[in-house]
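So this block is final_31.cif, mmCIF, C-alpha atoms:
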```cif
data_coords
loop_
_atom_site.label_atom_id
_atom_site.label_comp_id
_atom_site.auth_asym_id
_atom_site.auth_seq_id
_atom_site.Cartn_x
_atom_site.Cartn_y
_atom_site.Cartn_z
CA MET J 1 0.00 0.00 0.00
CA VAL J 2 2.93 2.35 0.63
CA LEU J 3 4.20 1.70 -2.91
CA TYR J 4 0.69 2.26 -4.26
CA ALA J 5 0.29 5.55 -2.36
CA GLY J 6 3.75 6.69 -3.48
CA MET J 7 2.92 5.90 -7.09
CA ILE J 8 -0.28 7.96 -6.93
CA VAL J 9 1.50 10.88 -5.25
CA PHE J 10 4.27 10.76 -7.89
CA GLY J 11 1.67 10.57 -10.68
CA LEU J 12 -0.27 13.55 -9.35
CA ARG J 13 2.94 15.56 -8.87
CA THR J 14 4.05 14.75 -12.41
CA VAL J 15 0.69 15.65 -13.92
CA ARG J 16 0.53 18.89 -11.90
CA THR J 17 4.06 20.02 -12.76
CA GLU J 18 3.52 19.31 -16.45
CA GLY J 19 0.70 21.84 -16.58
CA HIS J 20 -2.09 19.38 -17.28
CA HIS J 21 -5.50 20.31 -16.03
CA MET J 22 -5.98 18.72 -12.63
CA SER J 23 -9.71 19.44 -12.33
CA PRO J 24 -10.90 16.10 -13.80
CA VAL J 25 -8.54 14.12 -11.57
CA VAL J 26 -9.46 16.17 -8.48
CA GLY J 27 -13.17 15.94 -9.32
CA VAL J 28 -13.07 12.17 -9.57
CA ALA J 29 -10.96 12.03 -6.38
CA LEU J 30 -13.69 14.00 -4.56
CA VAL J 31 -16.38 11.61 -5.82
CA PHE J 32 -14.20 8.73 -4.63
CA ALA J 33 -13.81 10.36 -1.21
CA CYS J 34 -17.61 10.67 -0.89
CA PHE J 35 -18.19 7.03 -1.79
CA ALA J 36 -15.30 5.94 0.45
CA GLY J 37 -16.81 7.82 3.38
CA TRP J 38 -20.24 6.37 2.66
CA SER J 39 -18.87 2.83 2.45
CA VAL J 40 -17.03 3.25 5.78
CA VAL J 41 -20.19 4.47 7.52
CA ASP J 42 -22.43 1.82 5.92
CA ARG J 43 -20.21 -1.21 5.28
CA ALA J 44 -23.09 -3.44 4.17
CA ASN J 45 -24.24 -1.08 1.41
CA THR J 46 -23.36 -2.59 -1.97
CA VAL J 47 -24.11 0.65 -3.82
CA ALA J 48 -21.56 2.51 -1.71
CA GLU J 49 -18.95 -0.20 -2.31
CA LEU J 50 -19.70 -0.26 -6.03
CA GLY J 51 -19.48 3.54 -6.24
CA ARG J 52 -16.19 3.50 -4.34
CA HIS J 53 -14.60 0.98 -6.70
CA LEU J 54 -15.95 2.60 -9.86
CA SER J 55 -14.84 6.07 -8.77
CA VAL J 56 -11.35 4.84 -7.84
CA ALA J 57 -11.20 3.15 -11.25
CA LEU J 58 -12.12 6.46 -12.94
CA PHE J 59 -9.54 8.30 -10.84
CA GLN J 60 -6.87 5.79 -11.84
CA LEU J 61 -7.93 5.97 -15.48
CA ALA J 62 -7.63 9.78 -15.48
CA LEU J 63 -4.20 9.53 -13.90
CA ILE J 64 -3.16 6.81 -16.38
CA ALA J 65 -4.24 8.98 -19.32
CA SER J 66 -2.27 11.97 -18.03
CA LEU J 67 0.85 9.89 -17.39
CA VAL J 68 0.64 8.17 -20.79
CA LEU J 69 0.58 11.60 -22.42
CA PHE J 70 3.62 12.52 -20.34
CA VAL J 71 5.50 9.36 -21.41
CA PHE J 72 4.68 9.60 -25.10
CA ARG J 73 5.02 13.33 -25.62
CA ARG J 74 7.36 13.96 -28.58
CA HIS J 75 9.45 16.72 -27.00
CA HIS J 76 10.23 14.97 -23.74
CA ARG J 77 13.85 14.62 -22.69
CA PRO J 78 15.08 11.42 -21.06
CA GLY J 79 15.31 11.32 -17.31
CA PRO J 80 14.19 9.42 -14.26
CA GLU J 81 10.74 11.07 -14.36
CA LEU J 82 10.05 9.42 -17.70
CA ILE J 83 10.90 5.97 -16.37
CA LEU J 84 9.02 6.53 -13.10
CA ALA J 85 5.95 7.71 -15.03
CA ALA J 86 6.04 4.56 -17.17
CA ILE J 87 6.35 2.37 -14.07
CA SER J 88 3.48 4.25 -12.43
CA VAL J 89 1.25 3.68 -15.45
CA TYR J 90 2.04 -0.03 -15.41
CA LEU J 91 1.21 -0.35 -11.72
CA LEU J 92 -1.89 1.81 -12.08
CA LEU J 93 -3.09 -0.53 -14.84
CA GLY J 94 -3.03 -3.41 -12.35
CA ALA J 95 -4.90 -1.40 -9.73
CA PHE J 96 -7.39 -0.02 -12.30
CA PHE J 97 -8.35 -3.47 -13.50
CA ALA J 98 -8.54 -4.72 -9.90
CA ALA J 99 -11.09 -1.99 -9.17
CA CYS J 100 -13.00 -2.98 -12.31
CA PHE J 101 -12.91 -6.66 -11.31
CA THR J 102 -14.20 -5.76 -7.85
CA ALA J 103 -17.00 -3.65 -9.30
CA MET J 104 -17.90 -6.56 -11.59
CA GLU J 105 -17.96 -9.02 -8.67
CA LEU J 106 -20.16 -6.64 -6.67
CA SER J 107 -22.52 -6.19 -9.63
CA VAL J 108 -22.62 -9.85 -10.64
CA PRO J 109 -21.63 -12.02 -7.68
CA GLY J 110 -19.94 -15.21 -8.82
CA SER J 111 -18.05 -13.57 -11.68
CA PHE J 112 -14.82 -14.85 -10.10
CA THR J 113 -13.93 -17.81 -7.94
CA ASP J 114 -11.01 -18.82 -5.79
CA LEU J 115 -10.29 -22.47 -6.60
CA ALA J 116 -8.57 -22.93 -3.22
CA ALA J 117 -11.76 -21.82 -1.40
CA PRO J 118 -14.67 -21.99 -3.88
CA GLU J 119 -17.31 -21.21 -1.26
CA ALA J 120 -15.51 -18.15 0.13
CA ALA J 121 -16.51 -14.66 -0.90
CA ILE J 122 -14.20 -12.90 -3.32
CA ASP J 123 -12.94 -9.65 -1.81
CA TRP J 124 -11.02 -6.65 -3.08
CA SER J 125 -7.62 -7.87 -1.92
CA LEU J 126 -7.98 -11.17 -3.79
CA LEU J 127 -9.03 -9.34 -6.94
CA MET J 128 -6.09 -6.94 -6.53
CA TYR J 129 -3.84 -10.01 -6.47
CA PHE J 130 -5.64 -11.40 -9.54
CA GLY J 131 -5.25 -8.04 -11.31
CA PHE J 132 -1.49 -8.00 -10.87
CA VAL J 133 -1.10 -11.68 -11.73
CA THR J 134 -3.07 -11.02 -14.92
CA LEU J 135 -1.10 -7.80 -15.57
CA ALA J 136 2.12 -9.80 -15.51
CA THR J 137 0.41 -12.52 -17.59
CA VAL J 138 1.53 -15.11 -15.04
CA GLY J 139 -1.87 -16.78 -14.70
CA TYR J 140 -1.43 -19.00 -11.64
CA GLY J 141 -4.99 -20.25 -12.05
CA ASP J 142 -6.03 -19.99 -8.41
CA VAL J 143 -8.45 -17.10 -9.05
CA VAL J 144 -10.54 -17.68 -12.14
CA PRO J 145 -12.98 -15.43 -14.02
CA LEU J 146 -16.17 -17.43 -14.61
CA THR J 147 -18.55 -15.19 -16.56
CA PRO J 148 -17.94 -14.15 -20.17
CA TRP J 149 -17.68 -10.46 -19.15
CA ALA J 150 -15.12 -11.25 -16.44
CA GLN J 151 -13.12 -13.40 -18.85
CA SER J 152 -13.21 -10.65 -21.47
CA LEU J 153 -12.06 -8.03 -18.97
CA ALA J 154 -9.18 -10.26 -17.83
CA ALA J 155 -8.16 -10.86 -21.44
CA LEU J 156 -8.36 -7.11 -22.14
CA GLN J 157 -6.07 -6.44 -19.19
CA ALA J 158 -3.49 -8.98 -20.38
CA VAL J 159 -3.50 -7.55 -23.91
CA THR J 160 -3.37 -3.95 -22.66
CA ALA J 161 -0.43 -4.72 -20.36
CA THR J 162 1.49 -6.49 -23.12
CA LEU J 163 0.89 -3.69 -25.63
CA PHE J 164 1.79 -1.04 -23.07
CA LEU J 165 5.05 -2.77 -22.20
CA THR J 166 6.10 -3.18 -25.81
CA THR J 167 5.27 0.41 -26.77
CA VAL J 168 6.79 1.98 -23.65
CA ILE J 169 10.00 -0.01 -24.05
CA ALA J 170 10.20 1.13 -27.67
CA ARG J 171 9.57 4.72 -26.52
CA LEU J 172 12.23 4.60 -23.81
CA VAL J 173 14.79 2.97 -26.11
CA GLY J 174 14.04 5.59 -28.76
CA VAL J 175 14.37 8.49 -26.32
CA TYR J 176 17.59 7.24 -24.78
CA THR J 177 19.27 6.28 -28.06
CA VAL J 178 18.33 9.43 -29.97
CA SER J 179 19.35 11.79 -27.17
CA SER J 180 23.03 11.84 -26.42
CA PRO J 181 24.29 13.11 -23.03
CA GLY J 182 25.51 16.42 -24.48
CA ASP J 183 22.54 16.93 -26.81
CA GLU J 184 21.15 20.42 -26.42
CA GLY J 185 18.33 19.93 -28.96
CA ASN J 186 14.72 19.90 -27.90
CA GLY J 187 14.11 16.29 -28.93
CA ASP J 188 11.48 17.16 -31.55
CA ASP J 189 13.06 14.71 -34.01
CA LEU J 190 11.85 11.68 -32.03
CA SER J 191 9.79 9.34 -34.12
CA LEU J 192 7.40 8.12 -31.42
#
```
Can I see the file as C-alpha cells?
Amino acid sequence: MVLYAGMIVFGLRTVRTEGHHMSPVVGVALVFACFAGWSVVDRANTVAELGRHLSVALFQLALIASLVLFVFRRHHRPGPELILAAISVYLLLGAFFAACFTAMELSVPGSFTDLAAPEAAIDWSLLMYFGFVTLATVGYGDVVPLTPWAQSLAALQAVTATLFLTTVIARLVGVYTVSSPGDEGNGDDLSL
C-alpha cells in the first residue's frame, strides 16, 4: 500500500508540474472520497462499495491517461521522471483493473472464484492479487474469471499490459538512443 500511495502521489505531482488540467482528476478524487466515506459508515451497502470501486477506477484511469501523455510526448527529454511515469502507469493498470474486477464481482456475484476456497466470498484484496497476476500474464490459475464479461475483462487487461510494455520499451529505447548526453536539442526529431 505504501508503494501504491507513493505511485499515486508521484503521478499527481508529475501531472501537476507538467501543466495538465488537474480538475478532472481532483473531481473524480472527490467523488471517490464521498463514496469511500459512505462505504465506511455503511459497510453493508453494496451501492456505496460499487461507487467506491468505480470512482477509484475512474480516478486511476484519469491519472493513467495523463501519465501516458507525459510518457509519449514527442518533445520529452530522457530522465528518471520518464521511467518513473512509465512504471506508475504499469502499476496503475493493475490497480485499475482490480477496481473494475471488484465492481464486476459486486454487480454480478460469482463472476470470479477462488479455486482454493470456492465457497468463500471474493474480496477486493484477492481481486487486486488477480489483477497484478493477470497484468504480468503469469496466470497462476487460483483465481478464475467465470462469466464471459469477467473473462473478457481479464483478457483485455493482459493484452493492454502487453501492448503497453512493448510500446513503452520502444519509446524509452528511442528516447535514450536518440538523445546523447551532451545533446542540447529539444528532442522534436523523435519518431514516437
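If you look at CA of Val28 (chain J) and CA of Ser125 (chain J), they are 22.1 Å away from each other.
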### Message
Please enumerate the residues selected by the PyMOL selection byres ((chain J and resi 34-47) around 12) when evaluated against the supplied file, formatted as a ChimeraX atom specification.
### Response
/J:27-33,48-56,102-109
### Message
So that I can see what lies close to region 110-114 of chain J, please list as a PyMOL selection string the residues with an atom at most 9 Å from it, counting all atoms listed in the file and leaving out residues fewer than 4 positions away in the same chain.
### Response
chain J and resi 101+104-106+118-122+126-127+141-151
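Between CA of Tyr176 (chain J) and CA of Phe96 (chain J) there is a distance of 28.9 Å.
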Give me, as JSON lines, the closest atom pair and its distance (Å, one decimal) for every residue of region 91-181 of chain J within a cut-off of 12 Å of region 61-75 of chain J, counting all atoms listed in the file, rows sorted by chain and rising number.
```
{"residue": "J:Leu91", "atom": "CA", "partner": "J:Ile64", "partner_atom": "CA", "distance": 9.6}
{"residue": "J:Leu92", "atom": "CA", "partner": "J:Ile64", "partner_atom": "CA", "distance": 6.7}
{"residue": "J:Leu93", "atom": "CA", "partner": "J:Ile64", "partner_atom": "CA", "distance": 7.5}
{"residue": "J:Gly94", "atom": "CA", "partner": "J:Ile64", "partner_atom": "CA", "distance": 11.0}
{"residue": "J:Ala95", "atom": "CA", "partner": "J:Leu61", "partner_atom": "CA", "distance": 9.8}
{"residue": "J:Phe96", "atom": "CA", "partner": "J:Leu61", "partner_atom": "CA", "distance": 6.8}
{"residue": "J:Phe97", "atom": "CA", "partner": "J:Leu61", "partner_atom": "CA", "distance": 9.7}
{"residue": "J:Ala99", "atom": "CA", "partner": "J:Leu61", "partner_atom": "CA", "distance": 10.6}
{"residue": "J:Cys100", "atom": "CA", "partner": "J:Leu61", "partner_atom": "CA", "distance": 10.8}
{"residue": "J:Phe164", "atom": "CA", "partner": "J:Val68", "partner_atom": "CA", "distance": 9.6}
{"residue": "J:Leu165", "atom": "CA", "partner": "J:Val68", "partner_atom": "CA", "distance": 11.9}
{"residue": "J:Thr167", "atom": "CA", "partner": "J:Phe72", "partner_atom": "CA", "distance": 9.4}
{"residue": "J:Val168", "atom": "CA", "partner": "J:Val71", "partner_atom": "CA", "distance": 7.8}
{"residue": "J:Ile169", "atom": "CA", "partner": "J:Val71", "partner_atom": "CA", "distance": 10.7}
{"residue": "J:Ala170", "atom": "CA", "partner": "J:Phe72", "partner_atom": "CA", "distance": 10.4}
{"residue": "J:Arg171", "atom": "CA", "partner": "J:Phe72", "partner_atom": "CA", "distance": 7.1}
{"residue": "J:Leu172", "atom": "CA", "partner": "J:Val71", "partner_atom": "CA", "distance": 8.6}
{"residue": "J:Gly174", "atom": "CA", "partner": "J:Arg74", "partner_atom": "CA", "distance": 10.7}
{"residue": "J:Val175", "atom": "CA", "partner": "J:Arg74", "partner_atom": "CA", "distance": 9.2}
{"residue": "J:Val178", "atom": "CA", "partner": "J:His75", "partner_atom": "CA", "distance": 11.9}
{"residue": "J:Ser179", "atom": "CA", "partner": "J:His75", "partner_atom": "CA", "distance": 11.1}
```
File dump, residues just selected, C-alpha atoms, as a short mmCIF file (atom, residue, chain, number, x, y, z; two decimals), in the frame of the given file:
```
data_model
loop_
_atom_site.label_atom_id
_atom_site.label_comp_id
_atom_site.auth_asym_id
_atom_site.auth_seq_id
_atom_site.Cartn_x
_atom_site.Cartn_y
_atom_site.Cartn_z
CA LEU J 91 1.21 -0.35 -11.72
CA LEU J 92 -1.89 1.81 -12.08
CA LEU J 93 -3.09 -0.53 -14.84
CA GLY J 94 -3.03 -3.41 -12.35
CA ALA J 95 -4.90 -1.40 -9.73
CA PHE J 96 -7.39 -0.02 -12.30
CA PHE J 97 -8.35 -3.47 -13.50
CA ALA J 99 -11.09 -1.99 -9.17
CA CYS J 100 -13.00 -2.98 -12.31
CA PHE J 164 1.79 -1.04 -23.07
CA LEU J 165 5.05 -2.77 -22.20
CA THR J 167 5.27 0.41 -26.77
CA VAL J 168 6.79 1.98 -23.65
CA ILE J 169 10.00 -0.01 -24.05
CA ALA J 170 10.20 1.13 -27.67
CA ARG J 171 9.57 4.72 -26.52
CA LEU J 172 12.23 4.60 -23.81
CA GLY J 174 14.04 5.59 -28.76
CA VAL J 175 14.37 8.49 -26.32
CA VAL J 178 18.33 9.43 -29.97
CA SER J 179 19.35 11.79 -27.17
#
```
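Among J:Glu81, J:Gln60, J:Thr166, J:Ala154, the residue with the shortest atom-to-atom distance to Phe130 (chain J), counting only C-alpha atoms, is J:Ala154.
Among the candidates J:Ala98, J:Val89, J:Ala116, J:Ala155, the residue lying nearest to Met128 (chain J) is J:Ala98 (atoms considered: only C-alpha atoms).
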